[in-house]
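In what follows, a single structure is set out as structure tokens and then discussed.
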There are 2 protein chains.
Amino acid sequence: VVQGERMRDIGEFAFLRRVLADLPQGPEVRVGPGDDAAVLDLPPLPVVVCTDVLVEGSHFRRDWSAARDVGRKAVAVNAADVAAMGARPVAVLAGVVAPPDVDVAWLMELAAGMQDGAADAGCSLSGGDTVAGPAITVSVSAIGVVPGATVTRAGAHAGDVVAVCGRLGYAAAGLAVLTRGFRSPRLLVDAQRCPQPPYQQGVVAAAAGATAMIDVSDGLMADLGHVAEQSGVRVTVELGRVAVPTELEQMARALGVDARTWVFGGGEDHALAACFPTAGTVPQGWDVIGRVEAGAGVDVEGWPDWSTALADGGYEHFRR
Amino acid sequence: VVQGERMRDIGEFAFLRRVLADLPQGPEVRVGPGDDAAVLDLPPLPVVVCTDVLVEGSHFRRDWSAARDVGRKAVAVNAADVAAMGARPVAVLAGVVAPPDVDVAWLMELAAGMQDGAADAGCSLSGGDTVAGPAITVSVSAIGVVPGATVTRAGAHAGDVVAVCGRLGYAAAGLAVLTRGFRSPRLLVDAQRCPQPPYQQGVVAAAAGATAMIDVSDGLMADLGHVAEQSGVRVTVELGRVAVPTELEQMARALGVDARTWVFGGGEDHALAACFPTAGTVPQGWDVIGRVEAGAGVDVEGWPDWSTALADGGYEHFRR
């Protein structure tokens, strides 16, 4: 890559030639990038497909995140959706929009980050599209296969326990840090730049008999609300069962905020939350945090004004 | 939909509830939109996946195209890619970016158009993501299955014939008309607003023994150039074999341009171009237009300065 070289200098086709020169493909990819479509030889299992879009300004800022982080995050959020169905990711595709004056080096790093993210999730970056437009937009689609049971948001029953696996609140704390102009602590800032979802635990939870599952992208209570709504049940989280990590406590104290709003309201860590028939069936690495009851809605037992406290916690597009 | 209602008034979740209220799903869709991912029960066949992004300004203009056309086009361009592999589309996913001040009615029509496009292509609109951002961007991914042979761009051999199925030049003529401020003839303008790819002919061509195939999205000569490059052959199109429709001739005369630049250089009609071992194996509905030889590159026999004439014909992102 030539220093200062921009997309308008080399065009779409030369850029694609460079990107496609080094994209390792897994054994299930018969035809990789560079044709009209990728071709996958999948085992005879249910196939899951999903798509998530990241837009500069809404989901990332180029002054906060390196291109490599953005690419890795774009793949991670989709691979987490695949995991939340009880599936393992096989391939991802990337649709990238960028202004003509963007540095070629930035987009090459974005592609490298997507490749990193695919490697993290154990899948291949197998195709995509790169077009000119006013704002950097990264749309990723993921394809996975379900080796055992498919787990939707709709299968929770009264009597189930609720458990989580993965980080809660770290990305939100990182955002609070970055928003105030700080660049540390790295643990929190890096969590905002790119999540580390527990991909393998989706299949593990399905094998353990999970009745419903979701990845926490909007915030724990918002996402458990989706499970409650789609399962027709009530989900109660017990405050004392949800760990508030020391790093978050310390930062919250320094910033004069309540760390619980990050843990219960912050999305973007892409932890997995699932319901299991009994506490005894919950796999190692998962923490039981609550229970499923007959009824509707969600509640935090032991925190009467949680809903007011989180009112600004969950992110909804177009609303702000 | 309330007159004048905008996305910022209702937010992402209420919008999704409205869209998801009426999205029929085909028999292969076990879990449709509304969960972390869609779940498909596919037959044990190779799976093709692809993604294409449309951006306002580059691919469509809201003053030229209704939302319904844009949605239909976004699905059509992807379903054509699926067809060009010898596959039939099963499902599409949509990632939509829109400014908060966009009319809810516009986005509902966009979704209806995507549903129309899915119906045209015989597949289901099974999921997606809707986020706020500065420019309307529609990223569609398509999933299909290959019932017979998979046809890539790379299998053409010297001695093959080249054939096309579907329209050439109509969308480019429509763009020329719209660019000059006209809204008719409808045939051409509608072709620009939404292509009508011959979806079923992809599987037909594969069954007939097609050695290479591509959908014409960048322009006939540009796309045959991709086949020539990826197959390691030379493709020669014979001028006299390529029909220039009367409608295009008339419009070109009125505008003082050469209709052949639309037919040989215009993309966006998403015709299928394929190579077959012999003229006798070319299916009904396909027109033989040339031949494959040893060598490299593409040529139009009988039109010495075709390359100069088309210099502005093929579209390359970031270049203009």
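Within each chain, counting starts at residue 1; across the structure tokens, chains are named A, B, ... in the order shown, with ligands numbered 1 upward in that order.
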
Item to check | Check: which chain A residues lie within 7 Å of chain B using only C-alpha atoms, as number ranges by chain | outcome: A: 7-8, 11-12, 35-42, 44, 46-53, 55, 58, 81-82, 84-85, 93, 95, 100, 127-129, 131-135, 139, 141, 152-153, 214, 316-319

Checklist entry - Would you give me, as a ChimeraX atom specification, the residues in segment 156-252 of chain A that DSSP reads as strand (DSSP E or B)? => result /A:161-165,212-215,234-238

Checklist entry - Within 12 Å of Tyr170 of chain B, counting only C-alpha atoms, which residues qualify if same-chain residues fewer than 4 places away don't, as a ChimeraX atom specification? => result /B:166,174-177,185-197,219,244-249,251-252,259-271

Next on the checklist: Using only C-alpha atoms, can you tell me which of B:Ala111, B:Ala105, B:Val161, B:Leu125 comes closest to Pro24 of chain B?
Outcome noted: B:Leu125

Next on the checklist: as number ranges by chain, please: the residues near Val288 of chain B (cut-off 8 Å, only C-alpha atoms, same-chain neighbours under 5 positions excluded).
Outcome noted: B: 161-164, 241, 279, 282

Item to check | Those of segment 26-127 of chain A in DSSP helix (DSSP H, G or I), formatted as a PyMOL selection string | outcome: chain A and resi 67-83+104-121

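With only C-alpha atoms as the atoms that count, the residue of A:Met114, A:Ala121, A:Ala149, A:Ala243 with the shortest distance to Arg68 of chain A is A:Met114.
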
Item to check | Near-Val300 of chain A list (6 Å; only C-alpha atoms; drop same-chain fewer than 4 positions) as number ranges by chain | outcome: A: 236-238
